[in-house]
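**Student:** See start.csv below, with CSV, C-alpha atoms.
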```
chain,number,residue,atom,x,y,z
A,1,MET,CA,0.0,0.0,0.0
A,2,PRO,CA,2.6,2.7,0.9
A,3,ILE,CA,4.4,2.3,-2.5
A,4,GLU,CA,1.2,3.3,-4.3
A,5,LEU,CA,0.8,6.3,-2.1
A,6,HIS,CA,4.3,7.6,-2.7
A,7,ASP,CA,3.6,9.8,-5.8
A,8,PRO,CA,0.5,11.5,-4.5
A,9,VAL,CA,2.0,12.2,-1.1
A,10,VAL,CA,5.2,13.7,-2.7
A,11,ALA,CA,3.1,15.8,-5.0
A,12,LEU,CA,1.1,17.1,-2.0
A,13,MET,CA,4.2,17.9,0.0
A,14,ARG,CA,5.8,19.8,-2.9
A,15,GLU,CA,2.6,21.7,-3.5
A,16,VAL,CA,2.3,22.8,0.1
A,17,ALA,CA,6.0,23.7,0.2
A,18,ARG,CA,5.5,25.9,-2.9
A,19,ASP,CA,2.2,27.5,-2.1
A,20,VAL,CA,2.2,27.8,1.7
A,21,VAL,CA,5.6,27.4,3.3
A,22,MET,CA,8.0,29.2,0.9
A,23,PRO,CA,5.9,32.3,0.4
A,24,ARG,CA,6.2,32.9,4.2
A,25,TYR,CA,9.9,32.2,4.4
A,26,GLN,CA,11.7,35.3,5.5
A,27,ASN,CA,8.3,37.0,5.1
A,28,LEU,CA,6.6,36.7,8.5
A,29,ARG,CA,5.2,39.5,10.5
A,30,ALA,CA,5.8,39.6,14.2
A,31,GLU,CA,2.2,38.8,15.0
A,32,GLU,CA,2.4,35.7,12.7
A,33,ILE,CA,4.9,34.0,15.1
A,34,SER,CA,4.1,32.8,18.6
A,35,GLU,CA,5.4,30.5,21.3
A,36,LYS,CA,3.5,27.4,22.3
A,37,ALA,CA,6.0,26.9,25.2
A,38,VAL,CA,9.4,28.3,26.0
A,39,ASP,CA,11.6,28.1,22.9
A,40,ASP,CA,8.8,26.2,21.0
A,41,PHE,CA,7.5,28.3,18.2
A,42,VAL,CA,4.6,28.2,15.8
A,43,THR,CA,3.8,30.4,12.8
A,44,ILE,CA,0.9,31.0,10.6
A,45,ALA,CA,2.7,28.9,8.0
A,46,ASP,CA,2.8,25.9,10.3
A,47,LYS,CA,-1.0,26.1,10.8
A,48,GLU,CA,-1.8,26.7,7.2
A,49,SER,CA,0.6,23.9,6.1
A,50,GLU,CA,-0.9,21.4,8.4
A,51,ILE,CA,-4.5,22.2,7.3
A,52,ARG,CA,-3.5,21.7,3.6
A,53,LEU,CA,-1.6,18.5,4.3
A,54,ALA,CA,-4.3,17.0,6.5
A,55,GLU,CA,-7.0,17.7,3.9
A,56,GLY,CA,-4.8,16.3,1.1
A,57,LEU,CA,-3.8,13.2,3.0
A,58,SER,CA,-7.4,12.5,4.0
A,59,ARG,CA,-8.3,12.4,0.3
A,60,ILE,CA,-5.4,10.1,-0.6
A,61,LEU,CA,-6.2,7.6,2.1
A,62,PRO,CA,-9.6,8.3,3.7
A,63,GLU,CA,-9.5,5.4,6.1
A,64,ALA,CA,-6.5,6.7,7.9
A,65,GLY,CA,-6.7,9.1,10.8
A,66,VAL,CA,-4.6,12.3,11.0
A,67,ILE,CA,-2.3,13.3,13.8
A,68,GLY,CA,-0.7,16.6,13.3
A,69,GLU,CA,1.6,18.6,15.6
A,70,GLU,CA,-0.5,21.7,15.7
A,71,ALA,CA,-3.8,19.8,16.1
A,72,CYS,CA,-2.2,18.1,19.1
A,73,ALA,CA,-1.0,21.4,20.5
A,74,ALA,CA,-4.7,22.6,20.4
A,75,ASN,CA,-6.1,19.3,21.7
A,76,PRO,CA,-3.5,17.0,23.4
A,77,ALA,CA,-6.1,14.2,23.6
A,78,ILE,CA,-5.5,13.5,19.9
A,79,LEU,CA,-2.0,12.1,20.7
A,80,ASP,CA,-3.6,9.4,22.9
A,81,ARG,CA,-4.7,7.5,19.8
A,82,ALA,CA,-1.3,7.8,18.0
A,83,GLY,CA,-0.5,4.1,18.4
A,84,GLU,CA,-3.9,2.9,17.5
A,85,GLY,CA,-5.0,2.0,14.0
A,86,LEU,CA,-3.9,3.6,10.7
A,87,ASN,CA,-2.7,7.2,11.0
A,88,TRP,CA,-1.0,9.9,9.1
A,89,ILE,CA,1.6,11.7,11.2
A,90,ILE,CA,2.3,15.3,10.2
A,91,ASP,CA,5.0,17.8,11.1
A,92,PRO,CA,3.9,20.7,8.9
A,93,ILE,CA,7.2,22.6,9.4
A,94,ASP,CA,10.0,20.9,11.4
A,95,GLY,CA,12.5,23.3,12.6
A,96,THR,CA,10.0,26.1,13.1
A,97,GLY,CA,12.5,28.1,15.2
A,98,ASN,CA,14.8,28.2,12.3
A,99,PHE,CA,12.0,29.0,9.8
A,100,ALA,CA,10.7,31.8,12.1
A,101,ALA,CA,14.2,33.3,12.2
A,102,GLY,CA,14.5,33.2,8.5
A,103,ARG,CA,17.2,30.6,8.3
A,104,ALA,CA,17.8,27.0,7.3
A,105,PRO,CA,17.2,24.2,7.9
A,106,PHE,CA,13.6,23.3,8.1
A,107,GLY,CA,11.4,20.6,6.5
A,108,ILE,CA,8.1,19.0,6.1
A,109,MET,CA,7.7,15.5,7.6
A,110,ILE,CA,5.0,12.9,7.0
A,111,ALA,CA,4.7,9.3,8.1
A,112,LEU,CA,2.1,6.6,7.8
A,113,ALA,CA,1.8,4.3,10.8
A,114,ASP,CA,-0.4,1.3,11.6
A,115,ALA,CA,-0.9,0.2,15.2
A,116,GLY,CA,2.3,2.0,16.3
A,117,THR,CA,4.5,0.7,13.4
A,118,THR,CA,5.7,3.2,10.9
A,119,LEU,CA,5.0,1.9,7.4
A,120,ALA,CA,6.4,4.8,5.3
A,121,GLY,CA,8.0,8.2,5.8
A,122,TRP,CA,8.8,11.3,3.8
A,123,ILE,CA,11.1,14.2,4.6
A,124,LEU,CA,11.1,17.2,2.2
A,125,ASP,CA,13.5,20.1,2.4
A,126,PRO,CA,11.5,23.0,0.8
A,127,LEU,CA,14.7,25.1,0.2
A,128,THR,CA,16.6,22.5,-1.8
A,129,GLY,CA,13.8,20.2,-2.9
A,130,ARG,CA,15.6,17.2,-1.4
A,131,LEU,CA,13.2,14.3,-0.7
A,132,CYS,CA,14.1,11.5,1.7
A,133,HIS,CA,11.8,8.6,1.7
A,134,ALA,CA,11.6,5.1,3.2
A,135,THR,CA,9.1,2.3,3.2
A,136,LEU,CA,9.2,-0.5,5.7
A,137,GLY,CA,11.2,-3.5,4.4
A,138,THR,CA,12.2,-1.8,1.1
A,139,GLY,CA,15.0,0.5,2.0
A,140,SER,CA,15.6,4.3,1.9
A,141,HIS,CA,15.9,6.7,-0.9
A,142,ILE,CA,17.0,10.3,-1.5
A,143,ASP,CA,15.6,11.9,-4.6
A,144,GLY,CA,14.7,8.5,-6.0
A,145,GLU,CA,18.2,6.9,-5.5
A,146,ARG,CA,18.7,4.1,-3.0
A,147,VAL,CA,21.0,5.1,-0.1
A,148,GLN,CA,23.0,3.2,2.5
A,149,ALA,CA,23.9,4.9,5.8
A,150,ARG,CA,27.7,5.4,6.2
A,151,GLU,CA,29.9,6.4,9.1
A,152,SER,CA,31.9,9.7,8.8
A,153,GLY,CA,35.2,7.9,9.2
A,154,ASP,CA,36.5,10.7,11.4
A,155,PRO,CA,39.0,9.7,14.3
A,156,LEU,CA,36.3,10.4,16.8
A,157,PRO,CA,32.6,9.7,16.0
A,158,VAL,CA,30.8,12.9,15.2
A,159,ALA,CA,28.0,13.5,17.7
A,160,ALA,CA,25.1,16.0,17.6
A,161,LEU,CA,23.4,15.8,21.0
A,162,ALA,CA,20.1,17.5,21.4
A,163,VAL,CA,20.3,18.3,25.1
A,164,TYR,CA,18.0,21.3,25.3
A,165,PHE,CA,15.0,19.2,26.5
A,166,MET,CA,17.1,17.4,29.1
A,167,THR,CA,17.1,18.3,32.8
A,168,PRO,CA,20.3,20.2,34.0
A,169,GLU,CA,21.5,17.0,35.6
A,170,GLU,CA,21.0,14.9,32.5
A,171,ARG,CA,22.7,17.5,30.4
A,172,ALA,CA,25.7,17.7,32.7
A,173,ASP,CA,26.0,13.9,32.8
A,174,ILE,CA,25.9,13.4,29.0
A,175,GLN,CA,28.3,16.2,28.4
A,176,GLN,CA,30.8,14.7,30.9
A,177,ARG,CA,30.4,11.2,29.4
A,178,SER,CA,30.9,12.4,25.8
A,179,SER,CA,34.0,14.5,26.6
A,180,GLY,CA,37.0,12.9,24.7
A,181,GLN,CA,34.8,10.1,23.3
A,182,PHE,CA,33.1,12.0,20.5
A,183,ALA,CA,33.7,15.0,18.3
A,184,LEU,CA,30.7,17.3,19.3
A,185,VAL,CA,29.0,19.4,16.7
A,186,ASP,CA,26.1,21.8,16.8
A,187,ILE,CA,22.7,20.4,16.2
A,188,PRO,CA,20.6,21.8,13.4
A,189,ARG,CA,17.5,22.0,15.7
A,190,CYS,CA,15.6,20.2,13.0
A,191,ALA,CA,15.0,16.5,12.9
A,192,ALA,CA,14.3,16.8,9.2
A,193,GLU,CA,17.9,17.7,8.7
A,194,GLN,CA,19.5,15.6,11.5
A,195,TYR,CA,18.3,12.2,10.2
A,196,PRO,CA,19.7,12.8,6.7
A,197,ARG,CA,23.1,13.8,8.2
A,198,LEU,CA,23.3,10.4,9.9
A,199,VAL,CA,22.7,8.6,6.7
A,200,LEU,CA,25.0,10.8,4.6
A,201,GLY,CA,28.1,10.4,6.7
A,202,GLN,CA,28.0,13.9,8.1
A,203,ASN,CA,27.2,12.9,11.7
A,204,ASP,CA,27.6,9.5,13.4
A,205,ILE,CA,25.6,9.9,16.6
A,206,SER,CA,22.4,11.8,17.6
A,207,VAL,CA,20.7,11.8,20.9
A,208,PHE,CA,17.1,13.1,21.3
A,209,ALA,CA,15.4,13.6,24.7
A,210,ARG,CA,11.9,14.4,23.4
A,211,THR,CA,10.5,11.8,21.0
A,212,LEU,CA,7.2,13.0,19.7
A,213,PRO,CA,5.9,11.1,16.7
A,214,TRP,CA,5.8,14.0,14.2
A,215,ASP,CA,9.5,14.6,14.9
A,216,HIS,CA,10.7,11.0,14.7
A,217,ALA,CA,8.3,8.7,12.9
A,218,ALA,CA,9.7,9.4,9.4
A,219,GLY,CA,13.3,9.9,10.4
A,220,THR,CA,13.7,6.7,12.5
A,221,LEU,CA,12.3,4.6,9.6
A,222,PHE,CA,14.5,6.4,7.1
A,223,LEU,CA,17.7,5.8,9.2
A,224,ASN,CA,16.9,2.2,10.0
A,225,GLU,CA,15.9,1.3,6.4
A,226,ALA,CA,19.2,2.8,5.2
A,227,GLY,CA,21.1,0.4,7.5
A,228,GLY,CA,21.7,2.8,10.4
A,229,CYS,CA,20.2,2.2,13.8
A,230,CYS,CA,17.7,4.3,15.8
A,231,GLN,CA,16.3,2.8,19.0
A,232,ARG,CA,15.3,3.6,22.5
A,233,LEU,CA,18.1,4.0,25.0
A,234,ASP,CA,17.4,0.4,26.2
A,235,GLY,CA,17.7,-1.0,22.7
A,236,SER,CA,13.9,-1.4,22.1
A,237,PRO,CA,12.4,-0.1,18.8
A,238,TYR,CA,10.8,3.3,18.5
A,239,ARG,CA,7.0,2.9,18.2
A,240,ILE,CA,4.3,5.5,17.6
A,241,GLY,CA,2.3,6.0,20.8
A,242,ASP,CA,5.2,5.3,23.1
A,243,LEU,CA,5.9,8.6,24.7
A,244,ARG,CA,8.9,7.7,26.8
A,245,ARG,CA,11.8,10.1,26.6
A,246,GLY,CA,15.1,9.3,25.0
A,247,LEU,CA,16.1,8.1,21.5
A,248,LEU,CA,19.6,7.3,20.2
A,249,GLY,CA,20.4,7.3,16.5
A,250,ALA,CA,23.6,6.2,14.8
A,251,SER,CA,24.9,5.8,11.3
A,252,SER,CA,25.7,2.1,11.9
A,253,PRO,CA,24.7,-0.6,14.5
A,254,ARG,CA,28.4,-0.7,15.6
A,255,LEU,CA,28.3,3.0,16.5
A,256,TRP,CA,24.9,2.7,18.2
A,257,ASP,CA,26.4,0.1,20.5
A,258,LEU,CA,29.4,2.2,21.2
A,259,ALA,CA,27.3,5.3,21.9
A,260,ALA,CA,24.9,3.5,24.1
A,261,GLU,CA,27.8,2.1,26.2
A,262,LYS,CA,29.6,5.4,26.5
A,263,LEU,CA,26.6,7.6,27.1
A,264,PHE,CA,24.0,5.6,28.9
A,265,ARG,CA,25.4,2.5,30.6
```
Turn the structure described in the file into structure tokens.
**Tutor:**
Amino acid sequence: MPIELHDPVVALMREVARDVVMPRYQNLRAEEISEKAVDDFVTIADKESEIRLAEGLSRILPEAGVIGEEACAANPAILDRAGEGLNWIIDPIDGTGNFAAGRAPFGIMIALADAGTTLAGWILDPLTGRLCHATLGTGSHIDGERVQARESGDPLPVAALAVYFMTPEERADIQQRSSGQFALVDIPRCAAEQYPRLVLGQNDISVFARTLPWDHAAGTLFLNEAGGCCQRLDGSPYRIGDLRRGLLGASSPRLWDLAAEKLFR
């Protein structure tokens, strides 16, 4: 089923990027940006993008529910059914803080999940047009070309650690554990960019504290289907509807094991 959905989903994403997202890029008024929580932004483009995506996806597969980031912000009870049945998962603009500030990266992320298992995922970069896509059991692709995750090959594994949703104690612990073990780099504050970096050999390790489905459903499938490894800190798979904190991604299973041992054991 997801293979037949690919072309209409991609067409919808590109249409929304062209007609809704990009006209607002570097063109937002102050009153069109607000904070849902501290350092958690939403813009008029997020809201308009989600409406268009939800309407379009409902036409493509009417039997699936829709779970969108902004809808859940308005009604958190929607998230309670994320792991039940067939659902579209929508992040209308991932990296909204970047988008609101008029800088890259940001992206549109869509996943299709059934009973907590992600069946397919799409990640579109509206600025470059790059499309990352994966379907369960059939591998990962970038712009139609099959891709295999690769390590950076650097002397120390390159680690991008998203610590801003951690407690001060957790942050101090992981920073101490990573010292001298990994080459630390800035995070893009955008999962739609972070997951491709792990596949493309730019980063080796990523740690995420917050694991909401719209941020990670498409990316975890993309990384795993490319031969990388993204799992919970205890080694269990990421499943939609499981709202535990903590997720570790790596460009190879070998580096996942290394990072888990150094950072969390």
**Student:** Would you mind listing what lies within 7 Å of Thr118 of chain A as a list in words, with all atoms listed in the file counted and same-chain residues fewer than 4 positions away left out?
**Tutor:**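 With the cut-off at 7 Å, the set is Ala111, Leu112, Ala113, Asp114, Ala217 and Leu221 of chain A.
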**Student:** Ranking A:Glu63, A:Glu70, A:Asp125, A:Glu261 by minimum distance to Pro105 of chain A and counting only C-alpha atoms, which one comes first?
**Tutor:**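 Among A:Glu63, A:Glu70, A:Asp125, A:Glu261, it is A:Asp125 that comes nearest to Pro105 of chain A.
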**Student:** Take the point (26.1, 18.3, 20.9) as written in the file and pick out every residue within 10 Å of it, counting all atoms listed in the file; give the list as a PyMOL selection string.
**Tutor:** chain A and resi 158-164+174-175+178+182-188+205-207
**Student:** Pick the closest to Ala11 of chain A from A:Gly95, A:Pro253, A:Gly129, A:Gly137: which is it, counting all atoms listed in the file?
**Tutor:**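 Once distances to Ala11 of chain A are computed over all atoms listed in the file, the minimum belongs to A:Gly129.
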**Student:** So the first atom is atom CA of Leu127 of chain A and the second is atom CA of Gly102 of chain A; what is the distance between them in Å, to one decimal place?
**Tutor:**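 For atom CA of Leu127 of chain A relative to atom CA of Gly102 of chain A, the distance reads 11.6 Å.
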**Student:** Can you tell me how far atom CA of Glu170 of chain A sits from atom CA of Pro76 of chain A, in Å to one decimal?
**Tutor:**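 Going from atom CA of Glu170 of chain A over to atom CA of Pro76 of chain A covers 26.2 Å.
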**Student:** For Leu28 of chain A, work out the shell of residues within 10 Å, counting all atoms listed in the file and skipping chain neighbours fewer than 5 positions away, then give it as a ChimeraX atom specification.
**Tutor:** /A:23,33,43-45,99-102
**Student:** Include C-alpha atoms and write out the residues we just selected as a PDB file, in the coordinates of the input.
**Tutor:**
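And here is the file that came out, part.pdb:
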```pdb
ATOM      1  CA  PRO A  23       5.900  32.300   0.400  1.00  0.00           C
ATOM      2  CA  ILE A  33       4.900  34.000  15.100  1.00  0.00           C
ATOM      3  CA  THR A  43       3.800  30.400  12.800  1.00  0.00           C
ATOM      4  CA  ILE A  44       0.900  31.000  10.600  1.00  0.00           C
ATOM      5  CA  ALA A  45       2.700  28.900   8.000  1.00  0.00           C
ATOM      6  CA  PHE A  99      12.000  29.000   9.800  1.00  0.00           C
ATOM      7  CA  ALA A 100      10.700  31.800  12.100  1.00  0.00           C
ATOM      8  CA  ALA A 101      14.200  33.300  12.200  1.00  0.00           C
ATOM      9  CA  GLY A 102      14.500  33.200   8.500  1.00  0.00           C
TER      10      GLY A 102
END
```
**Student:** Nearest to Phe165 of chain A: which of A:Leu79, A:Arg189, A:Arg24, A:Ala17 is it, counting all atoms listed in the file?
**Tutor:**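 Among the listed residues, A:Arg189 lies closest to Phe165 of chain A.
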**Student:** Please determine, counting all atoms listed in the file, which residue among A:Ile142, A:Leu258, A:Leu156, A:Ile240 has the shortest atom-to-atom distance to Ala226 of chain A.
**Tutor:** A:Ile142
**Student:** Mind checking which residues fall within 8 Å of Arg210 of chain A, counting only C-alpha atoms, ignoring those fewer than 6 positions away in the same chain, and posting them as a PyMOL selection string?
**Tutor:** chain A and resi 165+245-247
**Student:** Residues proximal to (16.2, 4.8, -3.3) were defined as those with any atom within 12 Å of that point in the file's coordinates, counting all atoms listed in the file. Which are they, as a ChimeraX atom specification?
**Tutor:** /A:131-135,138-149,222,225-226
**Student:** Taking into account all atoms listed in the file, which residue in the set A:Val199, A:Leu243, A:Ala104, A:Leu124 is nearest to Glu151 of chain A?
**Tutor:**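 Once distances to Glu151 of chain A are computed over all atoms listed in the file, the minimum belongs to A:Val199.
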**Student:** Fewer than 4 positions away in the same chain doesn't count, so skip those; otherwise give me all residues within 9 Å of Leu57 of chain A, counting all atoms listed in the file, as an mmCIF file with C-alpha atoms, keeping the file's coordinate frame.
**Tutor:**
```cif
data_model
loop_
_atom_site.group_PDB
_atom_site.id
_atom_site.type_symbol
_atom_site.label_atom_id
_atom_site.label_comp_id
_atom_site.auth_asym_id
_atom_site.auth_seq_id
_atom_site.Cartn_x
_atom_site.Cartn_y
_atom_site.Cartn_z
ATOM 1 C CA PRO A 8 0.500 11.500 -4.500
ATOM 2 C CA VAL A 9 2.000 12.200 -1.100
ATOM 3 C CA LEU A 12 1.100 17.100 -2.000
ATOM 4 C CA ARG A 52 -3.500 21.700 3.600
ATOM 5 C CA LEU A 53 -1.600 18.500 4.300
ATOM 6 C CA LEU A 61 -6.200 7.600 2.100
ATOM 7 C CA PRO A 62 -9.600 8.300 3.700
ATOM 8 C CA ALA A 64 -6.500 6.700 7.900
ATOM 9 C CA VAL A 66 -4.600 12.300 11.000
ATOM 10 C CA TRP A 88 -1.000 9.900 9.100
#
```
